[in-house]
Structures are given as C-alpha cells and as structure tokens.
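J.: Data file entry_39.csv (CSV, C-alpha atoms) is appended below.
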```
chain,number,residue,atom,x,y,z
A,17,MET,CA,-169.1,-120.7,27.4
A,18,ILE,CA,-171.1,-123.1,29.5
A,19,THR,CA,-173.3,-121.3,32.0
A,20,SER,CA,-176.8,-122.8,32.1
A,21,LEU,CA,-177.8,-125.5,34.6
A,22,HIS,CA,-178.2,-128.6,32.5
A,23,HIS,CA,-176.7,-132.0,31.9
A,24,ARG,CA,-175.8,-134.2,28.9
A,25,PRO,CA,-175.6,-138.0,28.7
A,26,VAL,CA,-172.1,-139.4,28.5
A,27,HIS,CA,-170.5,-142.9,28.7
A,28,CYS,CA,-167.2,-144.2,29.8
A,29,THR,CA,-165.7,-147.7,29.9
A,30,THR,CA,-164.1,-149.7,32.7
A,31,ILE,CA,-161.0,-151.7,32.5
A,32,ASP,CA,-163.1,-154.8,31.6
A,33,LYS,CA,-165.0,-152.9,28.9
A,34,THR,CA,-168.2,-152.4,30.9
A,35,THR,CA,-170.1,-149.3,29.8
A,36,ILE,CA,-171.0,-146.8,32.6
A,37,SER,CA,-173.8,-144.4,31.8
A,38,ALA,CA,-173.7,-141.0,33.4
A,39,TRP,CA,-175.0,-137.4,33.3
A,40,LEU,CA,-172.4,-134.7,33.0
A,41,TYR,CA,-173.2,-131.3,34.5
A,42,GLU,CA,-170.6,-129.0,32.9
A,43,VAL,CA,-169.3,-125.5,33.7
A,44,SER,CA,-166.7,-123.4,32.0
A,45,GLY,CA,-163.3,-124.7,32.7
A,46,PRO,CA,-160.9,-126.1,33.5
A,47,ALA,CA,-162.8,-126.3,36.8
A,48,PRO,CA,-163.0,-128.7,39.7
A,49,ALA,CA,-165.1,-131.8,39.3
A,50,ILE,CA,-167.3,-133.9,41.7
A,51,ILE,CA,-168.0,-137.5,40.9
A,52,MET,CA,-171.3,-138.6,42.6
A,53,THR,CA,-172.0,-142.2,43.5
A,54,HIS,CA,-175.6,-143.1,44.5
A,55,GLY,CA,-177.1,-145.4,47.1
A,56,PHE,CA,-178.1,-149.0,47.2
A,57,ASN,CA,-179.8,-150.1,44.0
A,58,CYS,CA,-180.5,-146.5,43.2
A,59,ILE,CA,-180.0,-144.8,39.8
A,60,LYS,CA,-179.0,-141.4,38.7
A,61,ASP,CA,-182.6,-140.3,38.1
A,62,PHE,CA,-183.4,-140.3,41.8
A,63,THR,CA,-183.0,-137.3,44.2
A,64,LEU,CA,-179.3,-136.6,43.4
A,65,PRO,CA,-179.9,-134.5,40.2
A,66,GLU,CA,-181.0,-131.7,42.5
A,67,VAL,CA,-177.7,-132.0,44.4
A,68,ALA,CA,-175.7,-132.1,41.2
A,69,GLU,CA,-177.3,-129.0,39.9
A,70,ALA,CA,-176.6,-127.2,43.2
A,71,PHE,CA,-172.9,-128.1,42.9
A,72,GLN,CA,-172.9,-127.1,39.2
A,73,SER,CA,-174.3,-123.6,40.2
A,74,LEU,CA,-171.3,-123.3,42.5
A,75,GLY,CA,-168.9,-123.8,39.7
A,76,TYR,CA,-168.2,-127.5,39.7
A,77,ASN,CA,-168.4,-130.0,36.9
A,78,VAL,CA,-170.4,-132.9,38.2
A,79,LEU,CA,-170.6,-136.5,36.9
A,80,LEU,CA,-173.6,-138.5,38.3
A,81,TYR,CA,-173.5,-142.1,37.1
A,82,ASP,CA,-175.3,-145.4,37.3
A,83,SER,CA,-173.2,-148.1,38.9
A,84,ARG,CA,-172.4,-151.3,37.1
A,85,SER,CA,-175.5,-153.5,36.4
A,86,VAL,CA,-178.1,-150.9,37.4
A,87,GLY,CA,-179.9,-148.3,35.4
A,88,GLU,CA,-178.5,-147.6,32.0
A,89,SER,CA,-175.0,-148.9,32.8
A,90,GLY,CA,-173.8,-152.2,31.4
A,91,GLY,CA,-172.8,-155.2,33.4
A,92,GLU,CA,-174.2,-158.7,33.9
A,93,PRO,CA,-175.9,-160.2,35.8
A,94,ARG,CA,-178.3,-157.2,36.3
A,95,ASN,CA,-178.6,-155.7,39.8
A,96,LEU,CA,-175.8,-157.7,41.3
A,97,LEU,CA,-174.4,-155.1,43.6
A,98,ASP,CA,-170.7,-155.7,44.4
A,99,PRO,CA,-169.2,-152.9,46.4
A,100,LEU,CA,-165.5,-153.8,45.8
A,101,GLN,CA,-166.1,-154.1,42.0
A,102,MET,CA,-167.9,-150.7,42.1
A,103,ALA,CA,-164.9,-149.2,44.0
A,104,GLU,CA,-162.6,-150.4,41.2
A,105,ASP,CA,-165.0,-149.1,38.5
A,106,LEU,CA,-164.9,-145.7,40.2
A,107,SER,CA,-161.2,-145.4,39.5
A,108,ASP,CA,-161.9,-145.9,35.8
A,109,ILE,CA,-164.7,-143.3,36.0
A,110,TYR,CA,-162.2,-141.0,37.6
A,111,THR,CA,-159.8,-141.5,34.7
A,112,TYR,CA,-162.5,-140.5,32.3
A,113,VAL,CA,-163.5,-137.4,34.2
A,114,ALA,CA,-159.9,-136.3,34.4
A,115,SER,CA,-159.7,-136.4,30.6
A,116,LEU,CA,-162.6,-134.0,30.0
A,117,PRO,CA,-161.7,-130.6,28.6
A,118,THR,CA,-163.8,-128.6,31.2
A,119,VAL,CA,-162.2,-130.5,34.1
A,120,ASP,CA,-159.1,-129.5,36.1
A,121,ALA,CA,-157.6,-133.0,36.4
A,122,GLU,CA,-155.7,-132.0,39.6
A,123,ARG,CA,-159.0,-131.0,41.4
A,124,ILE,CA,-161.4,-133.9,41.4
A,125,VAL,CA,-163.5,-134.9,44.4
A,126,LEU,CA,-165.4,-138.1,45.1
A,127,TRP,CA,-168.9,-137.7,46.7
A,128,GLY,CA,-171.0,-140.7,47.7
A,129,MET,CA,-174.3,-141.3,49.5
A,130,SER,CA,-175.2,-144.2,51.8
A,131,PHE,CA,-173.9,-147.4,50.1
A,132,GLY,CA,-172.2,-145.2,47.6
A,133,ALA,CA,-170.3,-143.4,50.4
A,134,VAL,CA,-168.5,-146.5,51.4
A,135,VAL,CA,-167.8,-147.5,47.8
A,136,THR,CA,-166.3,-144.0,47.4
A,137,ALA,CA,-164.1,-144.5,50.5
A,138,CYS,CA,-162.9,-147.9,49.5
A,139,CYS,CA,-161.9,-146.5,46.1
A,140,ALA,CA,-160.0,-143.7,47.8
A,141,ALA,CA,-158.2,-146.2,50.1
A,142,ILE,CA,-156.3,-147.5,47.0
A,143,ASP,CA,-156.6,-144.7,44.5
A,144,ARG,CA,-154.9,-141.7,46.0
A,145,ARG,CA,-155.7,-139.3,43.1
A,146,PRO,CA,-158.9,-137.7,44.6
A,147,LYS,CA,-158.3,-134.4,46.3
A,148,ALA,CA,-161.1,-134.9,48.8
A,149,ILE,CA,-163.8,-137.4,49.8
A,150,VAL,CA,-167.4,-136.6,50.8
A,151,MET,CA,-169.2,-139.4,52.6
A,152,ILE,CA,-173.0,-138.8,53.1
A,153,CYS,CA,-174.6,-141.1,55.7
A,154,PRO,CA,-172.3,-144.1,55.0
A,155,ILE,CA,-173.4,-147.6,55.8
A,156,PHE,CA,-170.8,-149.8,57.5
A,157,SER,CA,-172.8,-152.9,58.6
A,158,PHE,CA,-174.9,-155.1,56.3
A,159,VAL,CA,-175.7,-158.5,57.9
A,160,LYS,CA,-177.4,-158.6,61.3
A,161,PRO,CA,-175.8,-161.4,63.4
A,162,ASP,CA,-179.1,-163.1,64.2
A,163,ARG,CA,-179.9,-163.3,60.4
A,164,ALA,CA,-176.5,-164.7,59.3
A,165,ASP,CA,-177.0,-168.4,59.5
A,166,LYS,CA,-180.3,-168.5,57.7
A,167,ALA,CA,-179.2,-166.0,55.1
A,168,TYR,CA,-175.9,-167.7,54.3
A,169,ALA,CA,-177.7,-171.0,53.9
A,170,MET,CA,-180.0,-169.3,51.3
A,171,LEU,CA,-176.9,-168.0,49.4
A,172,ILE,CA,-175.3,-171.4,49.2
A,173,LYS,CA,-178.5,-173.0,48.1
A,174,ASP,CA,-178.8,-170.5,45.3
A,175,ARG,CA,-175.2,-171.0,44.3
A,176,VAL,CA,-175.7,-174.8,44.2
A,177,SER,CA,-178.9,-174.3,42.1
A,178,GLN,CA,-177.1,-172.1,39.6
A,179,THR,CA,-174.3,-174.6,39.2
A,180,ARG,CA,-177.0,-177.1,38.1
A,181,GLY,CA,-178.2,-174.8,35.4
A,182,ASN,CA,-181.1,-173.0,37.1
A,183,GLU,CA,-181.8,-169.3,37.0
A,184,ALA,CA,-180.3,-167.1,39.7
A,185,TYR,CA,-182.7,-166.0,42.4
A,186,THR,CA,-183.7,-162.4,42.6
A,187,LEU,CA,-185.8,-160.5,45.1
A,188,PRO,CA,-186.9,-157.0,46.1
A,189,PRO,CA,-184.4,-155.1,48.2
A,190,PHE,CA,-187.1,-154.5,50.8
A,191,THR,CA,-190.4,-156.2,51.5
A,192,PRO,CA,-193.6,-154.2,52.3
A,193,ARG,CA,-192.6,-154.5,55.9
A,194,GLY,CA,-189.3,-152.9,55.2
A,195,ASP,CA,-187.3,-156.1,55.7
A,196,ASN,CA,-184.9,-158.4,53.8
A,197,PRO,CA,-183.1,-161.6,54.6
A,198,ILE,CA,-179.9,-160.0,56.1
A,199,GLY,CA,-181.5,-157.1,57.9
A,200,LEU,CA,-179.8,-154.6,55.6
A,201,GLY,CA,-180.4,-150.9,55.9
A,202,GLY,CA,-182.5,-151.0,59.1
A,203,GLY,CA,-184.4,-154.0,57.8
A,204,GLY,CA,-187.4,-154.8,59.9
A,205,GLY,CA,-187.6,-151.3,61.4
A,206,PRO,CA,-188.5,-147.8,60.4
A,207,GLY,CA,-185.4,-147.3,58.3
A,208,GLY,CA,-186.2,-150.4,56.2
A,209,LEU,CA,-189.8,-149.2,55.7
A,210,GLU,CA,-188.4,-145.8,54.7
A,211,ALA,CA,-186.2,-147.5,52.1
A,212,TYR,CA,-189.1,-149.7,50.9
A,213,ASN,CA,-191.2,-146.6,50.3
A,214,LEU,CA,-188.4,-145.0,48.3
A,215,MET,CA,-188.1,-148.0,46.1
A,216,LYS,CA,-191.8,-148.5,45.7
A,217,ALA,CA,-192.3,-144.8,44.7
A,218,ALA,CA,-189.6,-145.2,42.0
A,219,ALA,CA,-191.3,-148.3,40.7
A,220,ASP,CA,-194.8,-146.8,40.8
A,221,LEU,CA,-193.6,-143.7,38.9
A,222,GLY,CA,-192.2,-145.9,36.2
A,223,ILE,CA,-188.7,-144.3,36.3
A,224,PRO,CA,-187.0,-145.7,33.2
A,225,HIS,CA,-184.3,-148.3,33.8
A,226,PHE,CA,-185.0,-148.7,37.5
A,227,ARG,CA,-185.5,-152.3,38.6
A,228,ASN,CA,-186.9,-152.9,42.1
A,229,ARG,CA,-185.1,-156.2,42.4
A,230,ILE,CA,-181.6,-157.4,43.2
A,231,MET,CA,-179.7,-160.6,42.8
A,232,LEU,CA,-179.7,-162.7,45.9
A,233,GLN,CA,-175.9,-163.1,45.5
A,234,THR,CA,-175.6,-159.4,46.3
A,235,TYR,CA,-175.8,-160.5,49.9
A,236,HIS,CA,-172.8,-162.7,49.5
A,237,LYS,CA,-170.8,-159.7,48.3
A,238,LEU,CA,-172.1,-157.6,51.3
A,239,ALA,CA,-171.3,-160.4,53.8
A,240,MET,CA,-167.6,-160.3,52.7
A,241,PHE,CA,-167.4,-156.5,52.6
A,242,ARG,CA,-165.6,-154.8,55.5
A,243,PRO,CA,-165.5,-151.0,54.7
A,244,LYS,CA,-164.4,-150.0,58.2
A,245,GLU,CA,-161.2,-151.8,57.6
A,246,TYR,CA,-160.3,-149.3,54.8
A,247,MET,CA,-160.9,-146.1,56.7
A,248,ASP,CA,-157.3,-145.7,58.0
A,249,MET,CA,-156.0,-146.2,54.5
A,250,ILE,CA,-157.5,-143.0,53.1
A,251,LYS,CA,-155.0,-140.2,52.6
A,252,SER,CA,-157.3,-137.6,51.1
A,253,PRO,CA,-159.3,-135.1,53.3
A,254,VAL,CA,-162.7,-136.5,54.3
A,255,LEU,CA,-166.0,-134.8,55.1
A,256,MET,CA,-168.5,-137.2,56.7
A,257,VAL,CA,-172.1,-136.0,56.9
A,258,ILE,CA,-174.0,-137.8,59.6
A,259,PRO,CA,-177.8,-137.5,59.9
A,260,GLU,CA,-178.8,-137.0,63.5
A,261,MET,CA,-181.9,-139.2,63.2
A,262,ASP,CA,-180.4,-141.9,60.8
A,263,ASN,CA,-182.3,-145.1,61.3
A,264,ILE,CA,-180.7,-147.0,58.5
A,265,SER,CA,-177.0,-146.5,59.4
A,266,PRO,CA,-176.6,-145.8,63.2
A,267,PRO,CA,-174.9,-142.4,63.8
A,268,GLU,CA,-172.7,-144.0,66.5
A,269,GLU,CA,-171.3,-146.5,63.9
A,270,GLN,CA,-170.6,-143.7,61.4
A,271,ARG,CA,-168.7,-141.8,64.1
A,272,GLU,CA,-166.8,-145.0,65.0
A,273,ALA,CA,-165.6,-145.3,61.4
A,274,PHE,CA,-164.9,-141.5,61.3
A,275,ALA,CA,-162.6,-141.9,64.2
A,276,LYS,CA,-160.5,-144.4,62.2
A,277,ILE,CA,-159.7,-141.9,59.5
A,278,GLN,CA,-156.2,-140.5,59.8
A,279,SER,CA,-156.3,-137.9,57.1
A,280,PRO,CA,-157.6,-134.3,57.7
A,281,LYS,CA,-161.3,-134.6,58.3
A,282,ARG,CA,-164.5,-132.8,59.2
A,283,GLU,CA,-167.8,-134.0,60.5
A,284,TYR,CA,-171.1,-132.3,59.7
A,285,LEU,CA,-174.2,-133.3,61.8
A,286,GLY,CA,-177.5,-133.0,59.9
A,287,LYS,CA,-179.7,-132.0,62.8
A,288,GLY,CA,-183.2,-133.6,62.7
A,289,LYS,CA,-182.4,-135.3,59.4
A,290,THR,CA,-182.8,-139.0,58.5
A,291,HIS,CA,-180.9,-141.2,56.1
A,292,LEU,CA,-183.0,-140.6,53.1
A,293,ASN,CA,-183.8,-136.8,53.5
A,294,ILE,CA,-180.3,-135.6,54.4
A,295,VAL,CA,-179.7,-134.1,50.9
A,296,THR,CA,-183.2,-132.7,50.3
A,297,GLY,CA,-185.6,-130.3,52.0
A,298,ASP,CA,-184.9,-128.1,55.0
A,299,GLY,CA,-181.2,-127.8,55.8
A,300,SER,CA,-180.0,-129.1,52.5
A,301,LYS,CA,-178.7,-125.7,51.4
A,302,GLU,CA,-176.6,-125.4,54.5
A,303,MET,CA,-175.2,-128.9,53.9
A,304,ILE,CA,-174.3,-128.0,50.4
A,305,SER,CA,-172.7,-124.8,51.6
A,306,ARG,CA,-170.7,-126.6,54.2
A,307,THR,CA,-169.6,-129.2,51.7
A,308,ASP,CA,-168.5,-126.5,49.3
A,309,ASN,CA,-166.5,-124.8,52.1
A,310,PHE,CA,-164.8,-128.2,52.9
A,311,ILE,CA,-164.0,-128.9,49.2
A,312,GLN,CA,-162.5,-125.4,48.7
A,313,ASP,CA,-160.3,-125.8,51.8
A,314,ALA,CA,-159.3,-129.3,50.7
A,315,LEU,CA,-158.4,-128.0,47.2
A,316,GLU,CA,-156.4,-125.2,48.7
A,317,SER,CA,-154.7,-127.5,51.2
A,318,THR,CA,-155.8,-125.4,54.2
A,319,LEU,CA,-157.5,-128.2,56.2
A,320,GLU,CA,-155.9,-129.1,59.5
```
Let me see the structure of the file written as structure tokens.

T.:
Amino acid sequence: MITSLHHRPVHCTTIDKTTISAWLYEVSGPAPAIIMTHGFNCIKDFTLPEVAEAFQSLGYNVLLYDSRSVGESGGEPRNLLDPLQMAEDLSDIYTYVASLPTVDAERIVLWGMSFGAVVTACCAAIDRRPKAIVMICPIFSFVKPDRADKAYAMLIKDRVSQTRGNEAYTLPPFTPRGDNPIGLGGGGGPGGLEAYNLMKAAADLGIPHFRNRIMLQTYHKLAMFRPKEYMDMIKSPVLMVIPEMDNISPPEEQREAFAKIQSPKREYLGKGKTHLNIVTGDGSKEMISRTDNFIQDALESTLE
C-alpha cells in the first residue's frame, strides 16, 4: 500500500520516440491522476514539487514532467520550446499515465501553469480524454506588436545562417533588465524582472539539468501560436486560476480567453497574488483546496 509522500523517477516515450522524464507521486489505487505541465523553460525541480505533494496528500496520483528538450527529457535541439509539439507530447504522456496500475484511467486531469497552462488547453482542444483541465495563470500573448518587425528579422537571419551550416543562436530567456527580443512574459517590466530573478536563482543554485538559455527559434514557434483560438474547442470542464496582480499575463486577457470557453467552467481569483507566487506562500492552501473541489465536482459530473 502506497501512503507516504514521495516520488519516483519514470520515463515515457512520445509517438516519435522522444523520451520524457518525469516524477511520479503515487497513491494507493486505482485513483485519479493529475498530469502537471510546468512553465516556460522551467523544469520539474522548480516550485511545483510542493504542489504535487499537496495533491498526492489529497489522494491523487501526480505526474510532474520535463517537457521535450528541457531538463532530463530528450529532444533536440535543446531548449527549443514549441508549444504545439508540447501539446501533442502531452497526449502521449496521458496515454502512459492511463496505463499505470495505480491510476483510474477514466479519471485523469490535466494541470498546467503559465506557458504550460496553454499547452494543456491546446492538448485538450483535440484530445477529449481528460476529465478536467486546470489552467494556472495562462499566457495568451507572446510578441509585443512594437517588437515584431525587429524580432522577426532576427529569426529569419538566424534561419538563413543555419542553412549555411552555422550554429543555431541561443540566448537567455530574460536579460538582467527582465527583457527579451519579443517582450515575452512582461518583458521590459516588473513581470519580466520577476521571471529573470527566477531563472537566475535556478542557475545560481546549480539545479541539475536546468539551462538558462533557449533557442532563438523558440520565438518563431511562439509568433505562430494562437492559444486563444483553441479555447472554444475544449469540451472538458475548466478551472482557470487568475492572479489578481499578474504582471506577466494580464488578468483581463486571461478573462477574455476564459469567456471563450464553452464547457462547464470556474474562475478562481488569487487575491494579492502575482504570476510566480500564485502556487506558493499565503493563499496557496486555499487554491489547492478550491482546485480539489473543482476536480471532484468534474469527476462526479456535478459542474454546471
């Protein structure tokens, strides 16, 4: 019988044979499962293990994984973040979780934070198996209009260079001023600085397998990504957690996307919370409790 709070490393394989590295937090089963997708260029070692343990203590199996090309997962080139590819991978991760002996395959939930929240939503737009979707502070816009021309010219210059046999260009996700070429994630403002400090802290701590750089061509993937277009395709119940003081993903844009969802849905406002502290510190226990209530109602089909 599995009762203690712990995890074990596991691996699964995507349709194209890419290895995904994950931590599995098990409970006695068959029991519901939550698949957790982390934020932009983050890895499973960051703040989400605390959240995974909280869900495990409530009786859920939890799979927390590194996305393709980051952390311990496979995939080349490294740190090329392609949200649509990640959404496809999530369907294969779901198939793996459904096969686990401690998991009730009819009660699996997708949970994603920030960039991972829209990856989760886009997966669920096509893959109708998940019984519920939890979106924590999702990001819906990536390229600031006033940055587009210069940024796109950089992307094409890099592509031309690569076709001539040169190395692909890489760069930190955020500069010390909290900025980046496309203005991603509150770039150039307090949100970008908050994100820079998170990445710098991870690098300074020497967290294994974390790389504080991304492929420049990531911005090409983001420029072509339109997650709001998928919101009305989701059939599963949705909980969206919106930080009141989010300075990386504007709360009004999160609500605009929330309004497009046609399936049963709930909104939870994280009062006084920002993008990067929404799942930790004061108020996090209430958020976990509200999420648990939502999931239970979704699994029992009592949501209106």

J.: Calculated over all atoms listed in the file, which of the candidates A:Ala164, A:Met256, A:Ala184, A:Leu285 has the smallest distance to Glu92 (chain A)?

T.: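 Smallest distance to Glu92 (chain A) is found for A:Ala184.
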
J.: Could the residues of region 47-115 of chain A that have an atom at most 10 Å from region 122-140 of chain A be listed as a tab-separated table, each with its closest atom pair and the distance in Å to one decimal, counting all atoms listed in the file and ordered by chain and ascending residue number?

T.:
```
residue	atom	partner	partner_atom	distance
A:Ala47	CA	A:Arg123	CA	7.6
A:Pro48	CA	A:Arg123	CA	4.9
A:Ala49	CA	A:Ile124	CA	4.7
A:Ile50	CA	A:Val125	CA	4.8
A:Ile51	CA	A:Leu126	CA	5.0
A:Met52	CA	A:Trp127	CA	4.8
A:Thr53	CA	A:Gly128	CA	4.6
A:His54	CA	A:Gly132	CA	5.1
A:Gly55	CA	A:Phe131	CA	4.8
A:Phe56	CA	A:Phe131	CA	5.3
A:Asn57	CA	A:Phe131	CA	8.9
A:Cys58	CA	A:Gly132	CA	9.5
A:Leu64	CA	A:Met129	CA	9.2
A:Tyr76	CA	A:Ile124	CA	9.5
A:Asn77	CA	A:Ile124	CA	9.2
A:Val78	CA	A:Val125	CA	9.5
A:Leu79	CA	A:Leu126	CA	9.8
A:Leu80	CA	A:Trp127	CA	9.7
A:Ser83	CA	A:Gly132	CA	9.2
A:Asp98	CA	A:Val135	CA	9.3
A:Pro99	CA	A:Val135	CA	5.8
A:Leu100	CA	A:Val135	CA	7.0
A:Gln101	CA	A:Val135	CA	8.9
A:Met102	CA	A:Val135	CA	6.5
A:Ala103	CA	A:Cys139	CA	4.5
A:Glu104	CA	A:Cys139	CA	6.3
A:Asp105	CA	A:Cys139	CA	8.6
A:Leu106	CA	A:Cys139	CA	6.7
A:Ser107	CA	A:Cys139	CA	6.7
A:Tyr110	CA	A:Ile124	CA	8.1
A:Val113	CA	A:Ile124	CA	8.3
A:Ala114	CA	A:Ile124	CA	7.6
```

J.: In terms of the shortest atom-to-atom distance over only C-alpha atoms, which of A:Asn196, A:Gln278, A:Ser73, A:Ser89 is closest to Lys33 (chain A)?

T.: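 Among A:Asn196, A:Gln278, A:Ser73, A:Ser89, it is A:Ser89 that comes nearest to Lys33 (chain A).
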
J.: Which one of A:Tyr235, A:Phe156, A:Phe71, A:Phe226 sits closest to Met170 (chain A) if you count all atoms listed in the file?

T.: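 Closest to Met170 (chain A), using all atoms listed in the file: A:Tyr235.
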
J.: Just how far from CA of Met231 (chain A) is CA of Tyr185 (chain A), in Å to one decimal?

T.: 6.2 Å

J.: In Å, with one decimal, what is the gap from CA of Pro25 (chain A) to CA of Ile59 (chain A)?

T.: 13.7 Å

J.: Can you work out which one of A:Lys276, A:Lys60, A:Lys244, A:Lys216 has the shortest atom-to-atom distance to Ser37 (chain A), counting all atoms listed in the file?

T.: A:Lys60

J.: Set the distance at 10 Å and use all atoms listed in the file: which residues neighbour His22 (chain A) once local chain neighbours fewer than 4 positions away are removed? I'd like the list as a PyMOL selection string.

T.: chain A and resi 18+39-43+65+68-69+72-73

J.: Could you tell me how far CA of Asn228 (chain A) sits from CA of Ser265 (chain A), in Å to one decimal place?

T.: 20.9 Å

J.: Under the rule that only C-alpha atoms are counted, which of A:Ala219, A:Ile250, A:Ala275, A:Val86 is the nearest residue to Lys147 (chain A)?

T.: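 Looking only at the distances to Lys147 (chain A), the closest residue turns out to be A:Ile250.
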
J.: Rank nothing, just name the residue among A:Pro206, A:Pro253, A:Pro259, A:Pro267 nearest to Ser317 (chain A), using only C-alpha atoms.

T.: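 Looking only at the distances to Ser317 (chain A), the closest residue turns out to be A:Pro253.
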
J.: Could you list, as a PDB file with C-alpha atoms, in the frame of the given file, every residue within 9 Å of Ala273 (chain A), counting all atoms listed in the file and ignoring same-chain residues fewer than 5 positions away?

T.:
```pdb
ATOM      1  CA  PHE A 156    -170.800-149.800  57.500  1.00  0.00           C
ATOM      2  CA  PRO A 243    -165.500-151.000  54.700  1.00  0.00           C
ATOM      3  CA  LYS A 244    -164.400-150.000  58.200  1.00  0.00           C
ATOM      4  CA  GLU A 245    -161.200-151.800  57.600  1.00  0.00           C
ATOM      5  CA  MET A 247    -160.900-146.100  56.700  1.00  0.00           C
ATOM      6  CA  ASP A 248    -157.300-145.700  58.000  1.00  0.00           C
ATOM      7  CA  GLU A 268    -172.700-144.000  66.500  1.00  0.00           C
TER       8      GLU A 268
END
```

J.: Per residue of region 174-260 of chain A within 6 Å of region 149-153 of chain A, what are the shortest atom pair and its distance in Å to one decimal, counting only C-alpha atoms, with rows by chain and residue number, as a tab-separated table?

T.:
```
residue	atom	partner	partner_atom	distance
A:Val254	CA	A:Ile149	CA	4.7
A:Leu255	CA	A:Val150	CA	4.9
A:Met256	CA	A:Met151	CA	4.7
A:Val257	CA	A:Ile152	CA	4.8
A:Ile258	CA	A:Cys153	CA	5.1
```

J.: Generate a file of the selected residues that holds C-alpha atoms, formatted as a CSV table (one decimal), in the frame of the given file.

T.:
```
chain,number,residue,atom,x,y,z
A,254,VAL,CA,-162.7,-136.5,54.3
A,255,LEU,CA,-166.0,-134.8,55.1
A,256,MET,CA,-168.5,-137.2,56.7
A,257,VAL,CA,-172.1,-136.0,56.9
A,258,ILE,CA,-174.0,-137.8,59.6
```

J.: So that I can check the surroundings of Leu209 (chain A), please list as number ranges by chain every protein, DNA and RNA residue that reaches within 12 Å of it, counting all atoms listed in the file and ignoring chain neighbours fewer than 4 positions away.

T.: A: 189-196, 199-205, 213-216, 263-264, 291-292
